[in-house]
Every structure is written in structure tokens, then in C-alpha cells.
file run08.cif (mmCIF, C-alpha atoms)
data_my_file
#
loop_
_atom_site.label_atom_id
_atom_site.label_comp_id
_atom_site.auth_asym_id
_atom_site.auth_seq_id
_atom_site.Cartn_x
_atom_site.Cartn_y
_atom_site.Cartn_z
CA MET H 1 -4.34 5.64 30.44
CA TYR H 2 -7.96 5.85 31.52
CA TYR H 3 -8.73 5.21 35.19
CA ALA H 4 -11.86 4.89 37.29
CA VAL H 5 -12.03 6.53 40.70
CA ILE H 6 -14.79 5.18 42.95
CA MET H 7 -15.81 7.51 45.75
CA ALA H 8 -16.56 5.28 48.73
CA GLY H 9 -16.04 7.46 51.76
CA GLY H 10 -19.57 8.32 52.86
CA SER H 11 -21.14 7.05 56.07
CA GLY H 12 -24.71 6.91 54.71
CA THR H 13 -26.43 8.70 57.59
CA ARG H 14 -29.80 8.73 55.78
CA LEU H 15 -29.69 4.91 55.75
CA TRP H 16 -29.36 4.70 59.52
CA PRO H 17 -29.73 2.49 61.53
CA LEU H 18 -28.44 -0.11 59.07
CA SER H 19 -25.59 2.06 57.77
CA ARG H 20 -23.07 2.95 60.50
CA GLN H 21 -19.73 4.74 60.66
CA ASN H 22 -17.84 1.47 60.94
CA TYR H 23 -20.06 -0.41 58.49
CA PRO H 24 -21.24 2.13 55.89
CA LYS H 25 -23.81 1.69 53.16
CA GLN H 26 -21.25 0.86 50.47
CA ALA H 27 -20.42 -2.33 52.41
CA LEU H 28 -24.08 -3.36 52.77
CA LYS H 29 -26.13 -5.76 50.64
CA LEU H 30 -29.09 -3.49 50.04
CA VAL H 31 -30.00 -4.80 46.58
CA GLY H 32 -29.49 -8.44 45.68
CA ASP H 33 -26.60 -10.60 46.86
CA ARG H 34 -23.73 -8.11 46.48
CA THR H 35 -22.66 -5.03 48.38
CA MET H 36 -23.03 -1.62 46.78
CA PHE H 37 -19.23 -1.46 46.44
CA GLN H 38 -19.07 -4.84 44.74
CA TYR H 39 -21.68 -3.71 42.23
CA ALA H 40 -19.74 -0.47 41.63
CA VAL H 41 -16.60 -2.39 40.70
CA GLU H 42 -18.30 -5.20 38.81
CA ARG H 43 -20.22 -3.00 36.38
CA ILE H 44 -17.11 -1.14 35.13
CA THR H 45 -14.75 -4.10 34.64
CA PRO H 46 -15.47 -4.23 30.88
CA VAL H 47 -13.76 -0.82 30.66
CA PHE H 48 -11.35 -0.80 33.60
CA PRO H 49 -9.20 -3.73 34.73
CA PRO H 50 -8.58 -3.92 38.51
CA GLU H 51 -5.21 -2.19 38.30
CA ARG H 52 -6.92 0.90 36.83
CA ILE H 53 -9.66 1.15 39.45
CA LEU H 54 -8.85 3.45 42.37
CA VAL H 55 -10.95 3.86 45.50
CA VAL H 56 -11.09 6.91 47.76
CA THR H 57 -12.31 5.98 51.21
CA ARG H 58 -11.68 6.34 54.93
CA ALA H 59 -8.87 4.30 56.46
CA GLU H 60 -11.29 2.42 58.71
CA HIS H 61 -13.45 1.40 55.71
CA ALA H 62 -10.68 0.14 53.43
CA PRO H 63 -10.27 -3.37 54.95
CA ILE H 64 -13.95 -4.31 54.64
CA LEU H 65 -14.18 -2.91 51.10
CA HIS H 66 -11.00 -4.67 49.99
CA LYS H 67 -12.24 -7.93 51.48
CA GLY H 68 -15.31 -7.70 49.23
CA VAL H 69 -13.22 -7.09 46.08
CA PRO H 70 -9.81 -8.67 46.79
CA GLU H 71 -8.69 -8.40 43.15
CA LEU H 72 -8.17 -4.64 43.57
CA PRO H 73 -4.52 -3.88 44.41
CA PRO H 74 -4.19 -2.63 48.00
CA GLU H 75 -2.16 0.35 46.78
CA ASN H 76 -5.18 1.49 44.75
CA PHE H 77 -7.03 2.44 47.94
CA ILE H 78 -6.45 6.14 48.59
CA LEU H 79 -7.14 6.79 52.25
CA GLU H 80 -8.51 10.04 53.61
CA PRO H 81 -7.77 10.74 57.28
CA GLU H 82 -11.31 12.17 57.47
CA GLY H 83 -14.02 13.10 55.01
CA ARG H 84 -13.82 16.66 53.67
CA GLY H 85 -16.35 16.44 50.84
CA THR H 86 -16.14 15.33 47.23
CA ALA H 87 -13.87 18.15 45.99
CA PRO H 88 -10.92 17.32 48.30
CA ALA H 89 -11.42 13.58 47.73
CA ILE H 90 -11.24 14.08 43.96
CA GLY H 91 -8.21 16.34 44.31
CA LEU H 92 -6.40 13.71 46.36
CA ALA H 93 -7.17 11.05 43.76
CA ALA H 94 -6.00 13.40 40.99
CA ILE H 95 -2.51 13.90 42.42
CA HIS H 96 -2.13 10.16 42.96
CA LEU H 97 -3.06 9.54 39.33
CA GLU H 98 -0.82 12.35 38.14
CA SER H 99 2.12 10.68 39.87
CA ARG H 100 1.37 7.47 37.93
CA ASP H 101 0.60 9.09 34.59
CA PRO H 102 0.58 12.87 34.03
CA HIS H 103 -1.53 12.33 30.89
CA ALA H 104 -4.17 10.16 32.56
CA SER H 105 -7.91 10.62 32.26
CA MET H 106 -10.20 9.77 35.14
CA SER H 107 -13.86 8.93 35.57
CA ILE H 108 -15.39 9.89 38.91
CA LEU H 109 -17.92 7.30 40.03
CA THR H 110 -19.57 6.46 43.34
CA ALA H 111 -20.29 3.37 45.41
CA ASP H 112 -23.90 4.27 46.23
CA HIS H 113 -25.46 4.16 42.77
CA PHE H 114 -27.40 1.26 41.32
CA ILE H 115 -27.43 0.96 37.51
CA THR H 116 -29.43 -1.62 35.58
CA ASN H 117 -28.16 -0.96 32.04
CA THR H 118 -24.49 -1.61 32.70
CA GLU H 119 -23.65 -2.21 29.04
CA LEU H 120 -24.86 1.24 28.02
CA PHE H 121 -23.12 2.72 31.07
CA CYS H 122 -19.77 1.28 29.95
CA GLN H 123 -20.38 2.61 26.45
CA VAL H 124 -20.99 6.14 27.69
CA LEU H 125 -17.89 6.02 29.90
CA THR H 126 -15.83 5.14 26.82
CA ALA H 127 -17.43 7.91 24.77
CA ALA H 128 -16.92 10.44 27.59
CA GLU H 129 -13.18 9.78 27.64
CA SER H 130 -12.99 10.66 23.93
CA ILE H 131 -15.00 13.85 24.50
CA ALA H 132 -12.72 14.82 27.39
CA ALA H 133 -9.64 14.50 25.18
CA ASP H 134 -9.96 18.15 24.11
CA GLY H 135 -9.92 19.36 27.72
CA SER H 136 -13.65 19.29 28.33
CA LEU H 137 -15.04 18.45 31.75
CA VAL H 138 -17.74 15.88 31.04
CA THR H 139 -20.64 15.29 33.39
CA LEU H 140 -23.15 12.48 33.01
CA GLY H 141 -26.70 13.74 33.27
CA ILE H 142 -29.61 11.42 33.99
CA GLN H 143 -32.74 11.97 31.94
CA PRO H 144 -35.36 12.68 34.63
CA SER H 145 -38.20 10.22 35.02
CA ALA H 146 -40.11 12.49 37.41
CA PRO H 147 -39.92 16.06 38.79
CA SER H 148 -37.83 15.11 41.82
CA ALA H 149 -36.92 17.91 44.21
CA GLY H 150 -34.25 15.69 45.79
CA PHE H 151 -31.68 16.01 42.99
CA GLY H 152 -29.60 18.79 41.52
CA TYR H 153 -30.22 19.62 37.86
CA ILE H 154 -28.08 20.51 34.86
CA LYS H 155 -29.39 22.86 32.18
CA GLN H 156 -28.08 21.92 28.76
CA GLY H 157 -27.33 24.45 26.06
CA SER H 158 -26.57 23.85 22.40
CA ALA H 159 -25.54 20.45 21.07
CA LEU H 160 -21.78 20.30 20.51
CA GLY H 161 -21.47 16.99 18.73
CA GLU H 162 -21.91 13.25 18.89
CA LYS H 163 -19.54 10.50 19.99
CA ASN H 164 -20.31 6.80 19.58
CA GLY H 165 -24.01 7.59 19.31
CA PHE H 166 -24.12 9.87 22.38
CA THR H 167 -24.99 13.54 21.83
CA PHE H 168 -23.24 15.96 24.18
CA TYR H 169 -24.23 19.52 25.03
CA ALA H 170 -22.71 22.64 26.49
CA VAL H 171 -23.68 23.12 30.13
CA GLN H 172 -25.43 26.41 30.80
CA ARG H 173 -25.70 26.08 34.55
CA PHE H 174 -26.15 23.82 37.56
CA ILE H 175 -29.24 24.16 39.75
CA GLU H 176 -29.31 22.75 43.26
CA LYS H 177 -32.39 20.87 44.53
CA PRO H 178 -35.30 23.06 43.35
CA ASP H 179 -38.76 23.27 44.88
CA PRO H 180 -41.33 20.81 43.45
CA GLU H 181 -43.00 23.38 41.19
CA THR H 182 -39.69 24.46 39.65
CA ALA H 183 -38.64 20.82 39.25
CA GLN H 184 -41.85 20.14 37.30
CA GLN H 185 -41.16 23.09 34.99
CA MET H 186 -37.62 21.85 34.39
CA VAL H 187 -38.76 18.36 33.47
CA ASN H 188 -41.48 19.72 31.17
CA SER H 189 -38.95 21.86 29.30
CA GLY H 190 -36.82 18.87 28.29
CA GLU H 191 -33.67 20.97 28.77
CA TYR H 192 -32.56 19.60 32.12
CA SER H 193 -30.89 16.46 33.41
CA TRP H 194 -30.45 15.21 36.94
CA ASN H 195 -26.93 15.77 38.21
CA SER H 196 -25.61 12.23 38.71
CA GLY H 197 -22.35 13.30 40.38
CA MET H 198 -20.40 11.25 37.80
CA PHE H 199 -17.71 12.98 35.74
CA VAL H 200 -14.93 12.29 33.23
CA TRP H 201 -11.93 14.54 32.62
CA GLN H 202 -8.19 14.71 32.17
CA VAL H 203 -6.23 14.83 35.39
CA ARG H 204 -4.36 17.94 34.31
CA ARG H 205 -7.63 19.76 33.58
CA ILE H 206 -9.23 19.16 36.95
CA LEU H 207 -6.03 20.23 38.68
CA GLU H 208 -6.07 23.43 36.61
CA GLU H 209 -9.61 24.13 37.81
CA PHE H 210 -8.64 23.49 41.44
CA GLU H 211 -5.77 25.94 41.07
CA ARG H 212 -8.03 28.58 39.50
CA GLN H 213 -11.13 28.19 41.66
CA MET H 214 -9.92 26.70 44.95
CA PRO H 215 -6.41 28.15 45.29
CA GLU H 216 -6.14 27.62 49.06
CA PHE H 217 -7.00 23.96 48.68
CA PHE H 218 -4.69 23.63 45.67
CA ASN H 219 -1.79 24.93 47.78
CA GLN H 220 -2.60 22.38 50.49
CA LEU H 221 -2.84 19.67 47.85
CA SER H 222 0.51 20.72 46.44
CA GLU H 223 2.14 20.20 49.84
CA VAL H 224 0.77 16.69 49.94
CA ARG H 225 1.80 16.07 46.33
CA LYS H 226 5.46 16.77 47.17
CA THR H 227 5.51 13.87 49.60
CA LEU H 228 3.94 11.19 47.37
CA GLY H 229 6.07 8.06 47.45
CA THR H 230 8.01 9.19 50.52
CA SER H 231 7.93 8.23 54.18
CA ASP H 232 6.57 11.71 54.99
CA TYR H 233 3.35 11.26 53.03
CA GLU H 234 1.07 9.95 55.79
CA SER H 235 2.23 12.43 58.41
CA ILE H 236 1.92 15.43 56.07
CA LEU H 237 -1.49 14.29 54.86
CA GLY H 238 -2.60 13.73 58.45
CA ARG H 239 -1.51 17.25 59.39
CA ILE H 240 -2.97 19.06 56.38
CA TRP H 241 -6.24 17.22 55.78
CA PRO H 242 -8.10 18.35 58.93
CA GLU H 243 -7.33 21.95 57.88
CA VAL H 244 -8.90 21.51 54.43
CA ASN H 245 -12.26 23.25 54.08
CA LYS H 246 -15.17 20.92 53.37
CA GLN H 247 -16.44 21.41 49.84
CA MET H 248 -18.48 19.59 47.20
CA ILE H 249 -17.12 19.35 43.66
CA ASP H 250 -20.32 20.92 42.28
CA TYR H 251 -19.96 24.11 44.32
CA GLY H 252 -16.17 24.24 44.42
CA VAL H 253 -15.44 23.58 40.77
CA MET H 254 -18.23 22.61 38.38
CA GLU H 255 -20.47 25.67 38.73
CA GLY H 256 -17.61 27.97 37.73
CA ALA H 257 -15.60 25.65 35.48
CA ARG H 258 -14.71 26.30 31.87
CA GLN H 259 -15.53 23.99 28.97
CA VAL H 260 -18.16 21.85 30.74
CA VAL H 261 -20.32 19.47 28.72
CA VAL H 262 -23.13 17.07 29.64
CA ILE H 263 -24.18 13.75 28.14
CA PRO H 264 -27.85 13.06 28.97
CA ILE H 265 -28.39 9.31 29.38
CA GLU H 266 -30.96 6.79 30.57
CA ILE H 267 -29.15 3.84 32.17
CA GLY H 268 -31.59 2.68 34.83
CA TRP H 269 -29.87 4.82 37.45
CA THR H 270 -30.83 5.08 41.11
CA ASP H 271 -28.96 7.04 43.76
CA ILE H 272 -29.39 4.93 46.89
CA GLY H 273 -29.00 7.75 49.33
CA SER H 274 -32.01 7.13 51.53
CA TRP H 275 -34.62 4.53 52.45
CA GLY H 276 -37.09 6.15 50.09
CA SER H 277 -34.84 5.48 47.10
CA LEU H 278 -34.61 1.82 48.09
CA LEU H 279 -38.39 1.64 48.38
CA GLU H 280 -38.69 2.93 44.81
CA LEU H 281 -36.07 0.51 43.46
CA LEU H 282 -36.93 -2.88 44.96
CA PRO H 283 -39.77 -5.14 43.74
CA LYS H 284 -43.11 -4.54 45.48
CA ASP H 285 -45.99 -6.77 46.47
CA ALA H 286 -49.62 -6.25 45.48
CA ASP H 287 -50.02 -3.55 48.16
CA ASN H 288 -46.94 -1.63 46.97
CA ASN H 289 -44.86 -2.80 49.93
CA VAL H 290 -41.19 -3.79 49.99
CA LEU H 291 -40.81 -6.45 52.68
CA ILE H 292 -37.36 -7.78 53.62
CA GLY H 293 -37.01 -10.15 56.55
CA PRO H 294 -39.71 -11.78 58.72
CA HIS H 295 -42.97 -9.84 58.40
CA LEU H 296 -46.66 -10.31 59.11
CA GLY H 297 -49.01 -7.59 58.00
CA PHE H 298 -52.67 -6.69 57.78
CA ASP H 299 -53.92 -3.71 55.81
CA THR H 300 -50.35 -2.52 55.16
CA GLN H 301 -49.65 -0.38 52.09
CA ASP H 302 -46.82 1.62 50.49
CA THR H 303 -44.44 0.58 53.27
CA LEU H 304 -40.81 -0.54 53.45
CA VAL H 305 -39.94 -3.10 56.12
CA PHE H 306 -36.26 -3.98 56.32
CA GLY H 307 -36.12 -6.57 59.05
CA ASN H 308 -33.43 -8.45 60.89
CA LYS H 309 -34.13 -11.68 62.79
CA ARG H 310 -37.26 -10.65 64.64
CA LEU H 311 -40.74 -10.70 63.21
CA VAL H 312 -42.03 -7.24 62.29
CA ALA H 313 -45.83 -7.11 62.41
CA THR H 314 -47.80 -4.20 60.95
CA ILE H 315 -51.54 -3.45 61.09
CA GLY H 316 -53.35 -0.63 59.33
CA VAL H 317 -50.26 1.35 58.33
CA LYS H 318 -49.42 3.22 55.15
CA ASN H 319 -46.43 5.17 53.82
CA LEU H 320 -44.04 4.01 56.52
CA ILE H 321 -40.38 3.06 56.62
CA ILE H 322 -39.56 0.50 59.32
CA ILE H 323 -35.94 -0.61 59.81
CA ASP H 324 -35.10 -3.18 62.49
CA THR H 325 -31.50 -3.85 63.56
CA ASN H 326 -29.89 -5.48 66.59
CA ASP H 327 -29.70 -2.29 68.63
CA ALA H 328 -32.05 0.24 67.02
CA VAL H 329 -35.43 0.46 65.31
CA LEU H 330 -36.43 3.26 62.94
CA VAL H 331 -40.08 4.07 62.26
CA CYS H 332 -40.48 6.98 59.85
CA SER H 333 -43.09 8.36 57.47
CA LYS H 334 -42.05 8.29 53.81
CA GLU H 335 -42.42 12.07 53.65
CA ARG H 336 -39.74 12.53 56.33
CA GLU H 337 -37.20 9.97 55.12
CA GLN H 338 -34.69 12.69 54.19
CA ASP H 339 -34.60 13.71 57.87
CA VAL H 340 -33.16 10.42 59.13
CA LYS H 341 -29.71 11.97 59.29
CA ALA H 342 -31.05 14.31 62.03
CA ILE H 343 -31.28 11.26 64.29
CA VAL H 344 -27.59 10.55 63.70
CA GLU H 345 -26.66 14.16 64.43
CA GLN H 346 -28.65 14.10 67.68
CA LEU H 347 -27.01 10.85 68.78
CA LYS H 348 -23.61 12.42 68.18
CA ARG H 349 -24.54 15.48 70.24
CA GLU H 350 -25.61 13.13 73.06
CA ASN H 351 -22.31 11.21 72.77
CA GLN H 352 -24.14 7.98 71.94
CA THR H 353 -21.50 7.23 69.32
CA TYR H 354 -21.94 3.46 69.69
CA LEU H 355 -25.25 3.86 67.85
CA VAL H 356 -23.84 5.76 64.86
#
call {"tool": "encode", "arguments": {"input": "run08.cif", "output": "C-alpha cells"}}
result
Amino acid sequence: MYYAVIMAGGSGTRLWPLSRQNYPKQALKLVGDRTMFQYAVERITPVFPPERILVVTRAEHAPILHKGVPELPPENFILEPEGRGTAPAIGLAAIHLESRDPHASMSILTADHFITNTELFCQVLTAAESIAADGSLVTLGIQPSAPSAGFGYIKQGSALGEKNGFTFYAVQRFIEKPDPETAQQMVNSGEYSWNSGMFVWQVRRILEEFERQMPEFFNQLSEVRKTLGTSDYESILGRIWPEVNKQMIDYGVMEGARQVVVIPIEIGWTDIGSWGSLLELLPKDADNNVLIGPHLGFDTQDTLVFGNKRLVATIGVKNLIIIDTNDAVLVCSKEREQDVKAIVEQLKRENQTYLV
């Protein structure tokens, strides 16, 4: 069987003050009339029925996510006691799938992407499963539209074949967020894709890579695996999980993995990880502004205003991000939008947890 695993455990600190620990970005309606999580489920239903869609999230987030998509079986929500990064989250999902079907394949998707060409996306997910049948670890690369220094990159090697009209390539290496000049060179070469963070592989293969590359974590995972389906599961998971080292799947597994391939695609993909990405995605007025909520402006350009109930008035401003909520207001230059998470970290240090 082929399953989808939606990663929905992030707190979205770069989308503060709208995204909070108890009401994270995946539960917000940032684009259109659906939450990011609802979009994530909706776009894959042509490939995956609800019973084959699993969700990895925090225990406190599961009720609000399930309320938005009630057709997902409650038992398909895999709950982490706390976030430890994408590698442990994927490992936890893998052992749950293995217990259902040792021969399962899994696609790793996220709840904070927006994709406009959903038909092509479903087609590439189907093709990727076929490519992964020989044990390959398949990553979906996004054909870059600009030399962004905010994404990781994948360098493709020789073409290995074609499946359902999609050409796939050997992966030579992964490159983390380069400087702008290097990013420009990569885009000009035509040999690089953005790293989307979406993958397809057999469950047994990813567990083999965990065992080879992250043996300490694999041993911890094995302890949890022994208790699946028993009354000891929650207590053992609760004891072990805080001891698991935080790690991203790119660093922990993909950079050193064997038999990795990439499918470069153009599917109208946006990673909504910050206010700047939302400013690029949403429709703009004649002055290149995105204005949501009550607003009155004079000589305002290249600005995002995400309002609440109050009127936000702007005069003579440019390249700003202004977010108004019930208890906090963010005013930030576009150039510093990646630093919003520093506000959240400072609030935590000051024990103002009610604001995060």
C-alpha cells in the first residue's frame, strides 16, 4: 500500500504573531477559505483515501486539525510528545506504517506548502512511488524561479530514466541555503532544484538508512516499536522522546543516503514559512501591496498588511510587513522578515509564554 504522511507539527514562529503554539500556522486560513492543513489533505485525495493519510503532529494540535478534516480516522494521527525535528517525526511515522504493512511505501508531505497545480502534483506522487519500488529514495525538487538564498538546493547528476513523463536524476549532493551570489550561479547552471522537503520511499528503506546513519536514534525508535499496540506505548514514547536528539531529515539521512534520486518539477509551489512568502503568493494591488482586513493607506507600496478588526492606516511606507492581532502587533521590514522568530525566542526567555 502507498500512504501519505503529512508533517504538521511545526509552530510557525516566523509567522508570529498570528501563528502561536496553541494555534499554529497549519490551522490558519492564510490563503483563501481553507486552513493550510485542509489544503494539504484536499490536494492529495485523488491519490490517497482518508484511511491512507497519516498525520504527525503534537498532541495539543491534533484536536483542532482533526476538527478541520473529520474524515481522517483519529488513529491516523501520530502524536509526538514534543517536536524533535523532521528526522525523528519521519522515523516515528515509519514504524507505525511498518506495523500496518511491512511492504508499505510512504510519501512525506507537509502542511505548510501551497501548490497551485494539484493535478500535476498527484501525477508526480504516483510516478515517484513507481521509481521508489527499486529501493530508491525519491526527493521532489522544485525548479527554481529565482536565485533564492532562503532554500536548500539539490544538485542533479545524470538522468536515470523516465516514469509517466517525469525524468528523474541521480542526486549528486544537497546544498544548504547558499549566499545570493552562489544561488544565482546555481540557477544559471540549470543543474539545481530547490529542496522541497517532500520525499517518497519504501518504509523498509528509510528504516535501513536510520539504522545505518542514525544508530542511536534507531535504537531508541526500536524501543518504541516494541510497544506499538500495547498499553505501554504512550509511557515508553513519553520517556524516550525527550532524550532523542533533534535532527532534520536532510542532515541526518539524505545527505549521506544511498540511491537518492530527484524529480525536478514545476507545480506552482510555495513554502509558506514566513510573511515574505505570503506577500509573494497573494494577489497584489496596483502599488504591489497585499492588504487583508480594514486598511486605509496613502503612498503605501510593496507592503503586507494582515489586519484583524481594527483599521490599519499607513502613510508613506514601503517594504513593510504589518500584522495586527488581538494582543500583539508586528511591524517589520521585508528584509528582516526571516528574523521574526527572534521575537518569539525573546518572549520565551522573558517567560511571556502567553504571547507565543
call {"tool": "resolve_selection", "arguments": {"input": "run08.cif", "expression": "the PyMOL selection byres ((chain H and resi 109) around 9)", "output": "list in words"}}
result
Ala4, Val5, Ile6, Met7, Ala40, Ser107, Ile108, Thr110, Ala111, His113, Gly197, Met198, Phe199 and Val200 of chain H
call {"tool": "residues_around", "arguments": {"input": "run08.cif", "residues": "Val47 in chain H", "least_positions_apart": "5", "cutoff": "9 Å", "atoms": "all atoms listed in the file", "output": "list in words"}}
result
Tyr2, Ala4, Cys122, Gln123, Leu125 and Thr126 of chain H
call {"tool": "write_last_selection", "arguments": {"input": "run08.cif", "atoms": "C-alpha atoms", "output": "mmCIF file, in the frame of the given file"}}
result
data_model
loop_
_atom_site.group_PDB
_atom_site.id
_atom_site.type_symbol
_atom_site.label_atom_id
_atom_site.label_comp_id
_atom_site.auth_asym_id
_atom_site.auth_seq_id
_atom_site.Cartn_x
_atom_site.Cartn_y
_atom_site.Cartn_z
ATOM 1 C CA TYR H 2 -7.960 5.850 31.520
ATOM 2 C CA ALA H 4 -11.860 4.890 37.290
ATOM 3 C CA CYS H 122 -19.770 1.280 29.950
ATOM 4 C CA GLN H 123 -20.380 2.610 26.450
ATOM 5 C CA LEU H 125 -17.890 6.020 29.900
ATOM 6 C CA THR H 126 -15.830 5.140 26.820
#
call {"tool": "closest_atom_pairs", "arguments": {"input": "run08.cif", "of": "range 65-85 of chain H", "to": "range 28-35 of chain H", "cutoff": "10 Å", "atoms": "all atoms listed in the file", "output": "JSON lines"}}
result
{"residue": "H:Leu65", "atom": "CA", "partner": "H:Thr35", "partner_atom": "CA", "distance": 9.2}
{"residue": "H:Gly68", "atom": "CA", "partner": "H:Thr35", "partner_atom": "CA", "distance": 7.9}
{"residue": "H:Val69", "atom": "CA", "partner": "H:Thr35", "partner_atom": "CA", "distance": 9.9}
call {"tool": "residues_around", "arguments": {"input": "run08.cif", "residues": "Leu120 in chain H", "least_positions_apart": "5", "cutoff": "12 Å", "atoms": "all atoms listed in the file", "output": "list in words"}}
result
Arg43, Ile44, Pro46, Val47, Ile115, Leu125, Thr126, Ala127, Asn164, Gly165, Phe166, Ile265, Glu266, Ile267, Gly268 and Trp269 of chain H
call {"tool": "atom_distance", "arguments": {"input": "run08.cif", "atom1": "CA of Arg239 in chain H", "atom2": "CA of Glu208 in chain H"}}
result
24.0 Å
call {"tool": "resolve_selection", "arguments": {"input": "run08.cif", "expression": "the PyMOL selection byres ((chain H and resi 169) around 6)", "output": "PyMOL selection string"}}
result
chain H and resi 156-160+168+170+261-262
call {"tool": "resolve_selection", "arguments": {"input": "run08.cif", "expression": "the PyMOL selection byres ((chain H and resi 171-175) around 12)", "output": "JSON, numbers by chain"}}
result
{"H": [136, 137, 138, 139, 140, 141, 149, 150, 151, 152, 153, 154, 155, 156, 157, 158, 159, 160, 168, 169, 170, 176, 177, 178, 179, 182, 183, 186, 191, 192, 193, 194, 195, 196, 197, 249, 250, 251, 253, 254, 255, 256, 257, 258, 259, 260, 261, 262, 263, 264]}
call {"tool": "atom_distance", "arguments": {"input": "run08.cif", "atom1": "CA of Ala104 in chain H", "atom2": "CA of Gly135 in chain H"}}
result
11.9 Å
call {"tool": "residues_around", "arguments": {"input": "run08.cif", "residues": "range 276-279 of chain H", "least_positions_apart": "5", "cutoff": "7 Å", "atoms": "only C-alpha atoms", "output": "VMD selection string"}}
result
chain H and resid 271 290 304 334 337
call {"tool": "atom_distance", "arguments": {"input": "run08.cif", "atom1": "CA of Tyr23 in chain H", "atom2": "CA of Asp327 in chain H"}}
result
14.1 Å
call {"tool": "closest_residue", "arguments": {"input": "run08.cif", "among": "H:Pro63, H:Met36, H:Asp299, H:Tyr3", "to": "Phe48 in chain H", "atoms": "only C-alpha atoms"}}
result
H:Tyr3
call {"tool": "residues_near_point", "arguments": {"input": "run08.cif", "point": "(-40.1, -5.9, 51.2)", "cutoff": "8 Å", "atoms": "only C-alpha atoms", "output": "PyMOL selection string"}}
result
chain H and resi 282-285+289-293+304-306
call {"tool": "residues_around", "arguments": {"input": "run08.cif", "residues": "Arg336 in chain H", "least_positions_apart": "4", "cutoff": "10 Å", "atoms": "only C-alpha atoms", "output": "CSV table (one decimal) with C-alpha atoms, in the coordinates of the input"}}
result
chain,number,residue,atom,x,y,z
H,276,GLY,CA,-37.1,6.2,50.1
H,320,LEU,CA,-44.0,4.0,56.5
H,321,ILE,CA,-40.4,3.1,56.6
H,332,CYS,CA,-40.5,7.0,59.8
H,340,VAL,CA,-33.2,10.4,59.1
call {"tool": "closest_residue", "arguments": {"input": "run08.cif", "among": "H:Gly12, H:Pro102, H:Gly307, H:Gly83", "to": "Arg204 in chain H", "atoms": "all atoms listed in the file"}}
result
H:Pro102
call {"tool": "closest_residue", "arguments": {"input": "run08.cif", "among": "H:Val344, H:Val41, H:Ala286, H:Met248", "to": "Pro88 in chain H", "atoms": "only C-alpha atoms"}}
result
H:Met248
